[in-house]
Amino acid sequence: MTKFNSLGSNYTFSQAWQALTIREQKDSDLAGFFNCENDQLEFFYKGREALRAALRCLNLPAGSRVAITGFTCLAVYEAVLWEGLEPVVLDIDETLNLNFADLKNQPSVQAVIVQNTFGFPYREIEVLEKWTKENKVYLVEDNAHAFGATYTDGRKVGTVGQVAIFSASQDKILDSVAGGILVINDHNLLSNLAVEKIATPKMQQKRDRWYPLLTWTIRKTYDFGLGKVLHAWFKRQKWLSQPMHYQTEKRFQILPTWQIQLLGARMKLTKVEQKQRQKKVRLYLQLLNDDLLFWRPSDEEISRSACLRLPVKVPAEKRAQILQTLAAAGYQLRDFWYDAPVGPKKYWQAAGYQANFSQLKNASLVCASVINLPTHQDINEHDVRKICQVINQT
């Protein structure tokens, strides 16, 4: 059966049915999952909305410079820009996270957004935290990929920065089809949060409810042709929720109560799922050729990581052929997430973004050569071995 990087792969049939039928109830008490109190927690419909709210809490002067990683989503860049701030895009290190050396050379940065890419916690968090305190720079944690991960000093992601955000969008560790979570760790910033939320449109909520079941049906019928037809039809009819599109609407939306309930149900599974993801990453590392790895995480690092995906590097000129070979073997892994620094590239013009490739050499090379290997519940040991065999031979 064909396996996918995404397309609702976090959901089994029973979980998809739960998403479709879960009832509207009083908000769940999820603060404990985020190591905070209820008054420190805010839910939004999108991760970018949570990030905008996080930046608003900092109450920075207009035009303040905010450092972000060069291997990230355009939504991060937009969030900074839409709050009247200046994004400063920095290159990445070997672990595809923020290059601290580049950050130190940046003048007059008022805030830095650290991204725990693919669920691997930032290695230099203590050094970064010390530097931000010494230079009176706010630290914002972007944990869109990293719920459940732990830093080297034992602290959970989301507890270090003055503010932190998590994503519950499609194919993330937390997956309620959509959702952004803001955690305000600094109590002095609580009064700065002033946002007016509007209701998420009913039609969008219907798409979100149906998304897990529709995509489960596509995946299960893909090999004998029906799934391909259904996928094309559902997309044409705009029945499938899209995790990323260029958004011109700058208002904040409420995360519906039923999705908060679904989020709570999904969070109860994360510890078991994290162990399974870690096991698959260890097997990948055991089987893959060394030259395919951007870096080799230690076993201790893996045990602290959320392991959303394992990025590997292939020759840029061969990537299309490798992906085609993988597809022929039953693995659709074309979802890179970042097809260019601050991706997706197709929205650059609309967002007014121009990449400085000379300053983002590492990020540019990674975007051209990366393939993200899946670790979700629909991937088993046989799949890991087969994927490694294909990639090693090509």
# chains A, B, ... in the order shown; residues from 1 in each chain; ligands from 1
$ residues_around --residues "Glu124 (chain A)" --least-positions-apart "5" --cutoff "12 Å" --atoms "only C-alpha atoms" --output "VMD selection string"
chain A and resid 93 95 97 to 101 114 to 116 129 to 131 151 to 153
$ select_by_dssp --residues "region 165-316 of chain A" --states "strand (DSSP E or B)" --output "ChimeraX atom specification"
/A:165-167,180-184,197-198,252-253,293,309-313
$ closest_atom_pairs --of "region 46-124 of chain A" --to "region 301-322 of chain A" --cutoff "10 Å" --atoms "only C-alpha atoms" --output "JSON lines"
{"residue": "A:Thr95", "atom": "CA", "partner": "A:Pro311", "partner_atom": "CA", "distance": 9.5}
{"residue": "A:Leu96", "atom": "CA", "partner": "A:Pro311", "partner_atom": "CA", "distance": 9.1}
{"residue": "A:Asn116", "atom": "CA", "partner": "A:Ser305", "partner_atom": "CA", "distance": 9.3}
{"residue": "A:Thr117", "atom": "CA", "partner": "A:Leu308", "partner_atom": "CA", "distance": 8.8}
{"residue": "A:Phe118", "atom": "CA", "partner": "A:Leu308", "partner_atom": "CA", "distance": 5.1}
{"residue": "A:Gly119", "atom": "CA", "partner": "A:Ala306", "partner_atom": "CA", "distance": 4.5}
{"residue": "A:Phe120", "atom": "CA", "partner": "A:Ser305", "partner_atom": "CA", "distance": 4.9}
{"residue": "A:Pro121", "atom": "CA", "partner": "A:Ser305", "partner_atom": "CA", "distance": 6.3}
{"residue": "A:Tyr122", "atom": "CA", "partner": "A:Ser305", "partner_atom": "CA", "distance": 9.9}
{"residue": "A:Arg123", "atom": "CA", "partner": "A:Glu301", "partner_atom": "CA", "distance": 9.0}
$ residues_around --residues "Gly264 (chain A)" --least-positions-apart "4" --cutoff "10 Å" --atoms "only C-alpha atoms" --output "ChimeraX atom specification"
/A:27-30,33,174,176,258-260,268-269
$ residues_around --residues "Tyr338 (chain A)" --least-positions-apart "6" --cutoff "7 Å" --atoms "only C-alpha atoms" --output "PyMOL selection string"
chain A and resi 71-73+344+367
$ residues_around --residues "region 372-379 of chain A" --least-positions-apart "6" --cutoff "9 Å" --atoms "only C-alpha atoms" --output "mmCIF file with N, CA, C and O atoms, in the first residue's frame"
data_model
loop_
_atom_site.group_PDB
_atom_site.id
_atom_site.type_symbol
_atom_site.label_atom_id
_atom_site.label_comp_id
_atom_site.auth_asym_id
_atom_site.auth_seq_id
_atom_site.Cartn_x
_atom_site.Cartn_y
_atom_site.Cartn_z
ATOM 1 N N LYS A 3 2.407 4.716 0.847
ATOM 2 C CA LYS A 3 2.503 5.513 2.065
ATOM 3 C C LYS A 3 2.893 6.949 1.696
ATOM 4 O O LYS A 3 3.569 7.182 0.694
ATOM 5 N N PHE A 4 2.482 7.874 2.531
ATOM 6 C CA PHE A 4 2.685 9.298 2.267
ATOM 7 C C PHE A 4 3.416 9.960 3.431
ATOM 8 O O PHE A 4 3.352 9.501 4.567
ATOM 9 N N ASN A 5 4.095 11.077 3.112
ATOM 10 C CA ASN A 5 4.665 11.901 4.172
ATOM 11 C C ASN A 5 3.563 12.568 4.978
ATOM 12 O O ASN A 5 3.711 12.804 6.180
ATOM 13 N N SER A 6 2.496 12.915 4.301
ATOM 14 C CA SER A 6 1.448 13.718 4.925
ATOM 15 C C SER A 6 0.078 13.126 4.560
ATOM 16 O O SER A 6 -0.159 11.956 4.780
ATOM 17 N N SER A 9 -1.818 11.273 7.406
ATOM 18 C CA SER A 9 -1.233 10.006 7.843
ATOM 19 C C SER A 9 -1.149 9.854 9.355
ATOM 20 O O SER A 9 -0.850 8.763 9.850
ATOM 21 N N ASN A 10 -1.397 10.923 10.109
ATOM 22 C CA ASN A 10 -1.440 10.807 11.567
ATOM 23 C C ASN A 10 -2.703 10.118 12.068
ATOM 24 O O ASN A 10 -2.806 9.801 13.250
ATOM 25 N N TYR A 11 -3.672 9.898 11.163
ATOM 26 C CA TYR A 11 -4.986 9.398 11.577
ATOM 27 C C TYR A 11 -5.259 7.978 11.089
ATOM 28 O O TYR A 11 -5.104 7.677 9.904
ATOM 29 N N THR A 12 -5.668 7.116 12.013
ATOM 30 C CA THR A 12 -6.255 5.832 11.656
ATOM 31 C C THR A 12 -7.736 6.056 11.342
ATOM 32 O O THR A 12 -8.258 7.167 11.516
ATOM 33 N N ASP A 171 -0.354 17.130 10.055
ATOM 34 C CA ASP A 171 0.913 16.415 9.951
ATOM 35 C C ASP A 171 1.961 16.846 10.967
ATOM 36 O O ASP A 171 3.114 16.440 10.878
ATOM 37 N N ILE A 173 3.207 17.057 15.171
ATOM 38 C CA ILE A 173 3.107 16.150 16.309
ATOM 39 C C ILE A 173 1.718 16.258 16.929
ATOM 40 O O ILE A 173 1.057 15.267 17.221
ATOM 41 N N GLU A 273 3.384 7.719 20.895
ATOM 42 C CA GLU A 273 3.773 7.996 19.506
ATOM 43 C C GLU A 273 5.199 8.508 19.426
ATOM 44 O O GLU A 273 5.930 8.184 18.477
ATOM 45 N N GLN A 276 7.566 5.669 19.460
ATOM 46 C CA GLN A 276 7.542 4.969 18.175
ATOM 47 C C GLN A 276 8.341 5.746 17.117
ATOM 48 O O GLN A 276 9.068 5.150 16.316
ATOM 49 N N ARG A 277 8.175 7.066 17.114
ATOM 50 C CA ARG A 277 8.930 7.889 16.164
ATOM 51 C C ARG A 277 10.433 7.777 16.426
ATOM 52 O O ARG A 277 11.235 7.672 15.479
ATOM 53 N N GLN A 278 10.825 7.809 17.680
ATOM 54 C CA GLN A 278 12.243 7.696 18.026
ATOM 55 C C GLN A 278 12.818 6.359 17.571
ATOM 56 O O GLN A 278 13.943 6.293 17.057
ATOM 57 N N LYS A 279 12.050 5.301 17.733
ATOM 58 C CA LYS A 279 12.492 3.974 17.305
ATOM 59 C C LYS A 279 12.737 3.935 15.795
ATOM 60 O O LYS A 279 13.726 3.353 15.324
ATOM 61 N N LYS A 280 11.864 4.592 15.033
ATOM 62 C CA LYS A 280 12.026 4.613 13.580
ATOM 63 C C LYS A 280 13.241 5.437 13.171
ATOM 64 O O LYS A 280 13.971 5.065 12.238
ATOM 65 N N VAL A 281 13.490 6.545 13.855
ATOM 66 C CA VAL A 281 14.675 7.352 13.554
ATOM 67 C C VAL A 281 15.943 6.554 13.832
ATOM 68 O O VAL A 281 16.901 6.584 13.043
ATOM 69 N N TYR A 284 16.373 4.202 10.938
ATOM 70 C CA TYR A 284 16.869 4.950 9.774
ATOM 71 C C TYR A 284 18.379 5.172 9.884
ATOM 72 O O TYR A 284 19.137 4.935 8.929
ATOM 73 N N CYS A 307 11.102 14.019 16.982
ATOM 74 C CA CYS A 307 11.345 13.193 15.785
ATOM 75 C C CYS A 307 10.176 13.246 14.805
ATOM 76 O O CYS A 307 9.673 12.211 14.350
ATOM 77 N N LEU A 308 9.743 14.451 14.462
ATOM 78 C CA LEU A 308 8.634 14.597 13.522
ATOM 79 C C LEU A 308 8.983 13.995 12.165
ATOM 80 O O LEU A 308 8.179 13.288 11.558
ATOM 81 N N ARG A 309 10.176 14.293 11.694
ATOM 82 C CA ARG A 309 10.702 13.686 10.467
ATOM 83 C C ARG A 309 12.217 13.647 10.565
ATOM 84 O O ARG A 309 12.810 14.390 11.354
ATOM 85 N N LEU A 310 12.835 12.798 9.754
ATOM 86 C CA LEU A 310 14.291 12.767 9.686
ATOM 87 C C LEU A 310 14.714 13.306 8.328
ATOM 88 O O LEU A 310 14.450 12.674 7.300
ATOM 89 N N PRO A 311 15.367 14.468 8.283
ATOM 90 C CA PRO A 311 15.812 15.011 6.999
ATOM 91 C C PRO A 311 17.094 14.327 6.533
ATOM 92 O O PRO A 311 18.007 14.076 7.321
ATOM 93 N N VAL A 312 17.152 13.986 5.269
ATOM 94 C CA VAL A 312 18.377 13.450 4.670
ATOM 95 C C VAL A 312 18.713 14.270 3.439
ATOM 96 O O VAL A 312 17.848 14.933 2.857
ATOM 97 N N LYS A 313 19.980 14.233 3.066
ATOM 98 C CA LYS A 313 20.429 15.010 1.908
ATOM 99 C C LYS A 313 20.802 14.078 0.762
ATOM 100 O O LYS A 313 21.442 13.040 0.949
ATOM 101 N N LEU A 333 6.971 10.942 -1.088
ATOM 102 C CA LEU A 333 7.705 11.769 -0.123
ATOM 103 C C LEU A 333 8.091 13.128 -0.710
ATOM 104 O O LEU A 333 9.128 13.696 -0.365
ATOM 105 N N ARG A 334 7.255 13.665 -1.579
ATOM 106 C CA ARG A 334 7.582 14.926 -2.237
ATOM 107 C C ARG A 334 7.318 16.156 -1.366
ATOM 108 O O ARG A 334 7.568 17.276 -1.780
ATOM 109 N N ASP A 335 6.792 15.935 -0.193
ATOM 110 C CA ASP A 335 6.479 17.054 0.700
ATOM 111 C C ASP A 335 7.744 17.487 1.437
ATOM 112 O O ASP A 335 8.104 16.939 2.468
ATOM 113 N N PHE A 336 8.438 18.510 0.882
ATOM 114 C CA PHE A 336 9.674 18.996 1.512
ATOM 115 C C PHE A 336 9.384 19.980 2.639
ATOM 116 O O PHE A 336 10.238 20.279 3.445
ATOM 117 N N TRP A 337 8.200 20.590 2.629
ATOM 118 C CA TRP A 337 7.819 21.718 3.477
ATOM 119 C C TRP A 337 8.513 22.992 3.008
ATOM 120 O O TRP A 337 7.862 23.958 2.661
ATOM 121 N N ILE A 387 12.551 2.108 2.411
ATOM 122 C CA ILE A 387 12.929 3.478 2.071
ATOM 123 C C ILE A 387 14.449 3.630 2.077
ATOM 124 O O ILE A 387 15.033 4.209 1.154
#
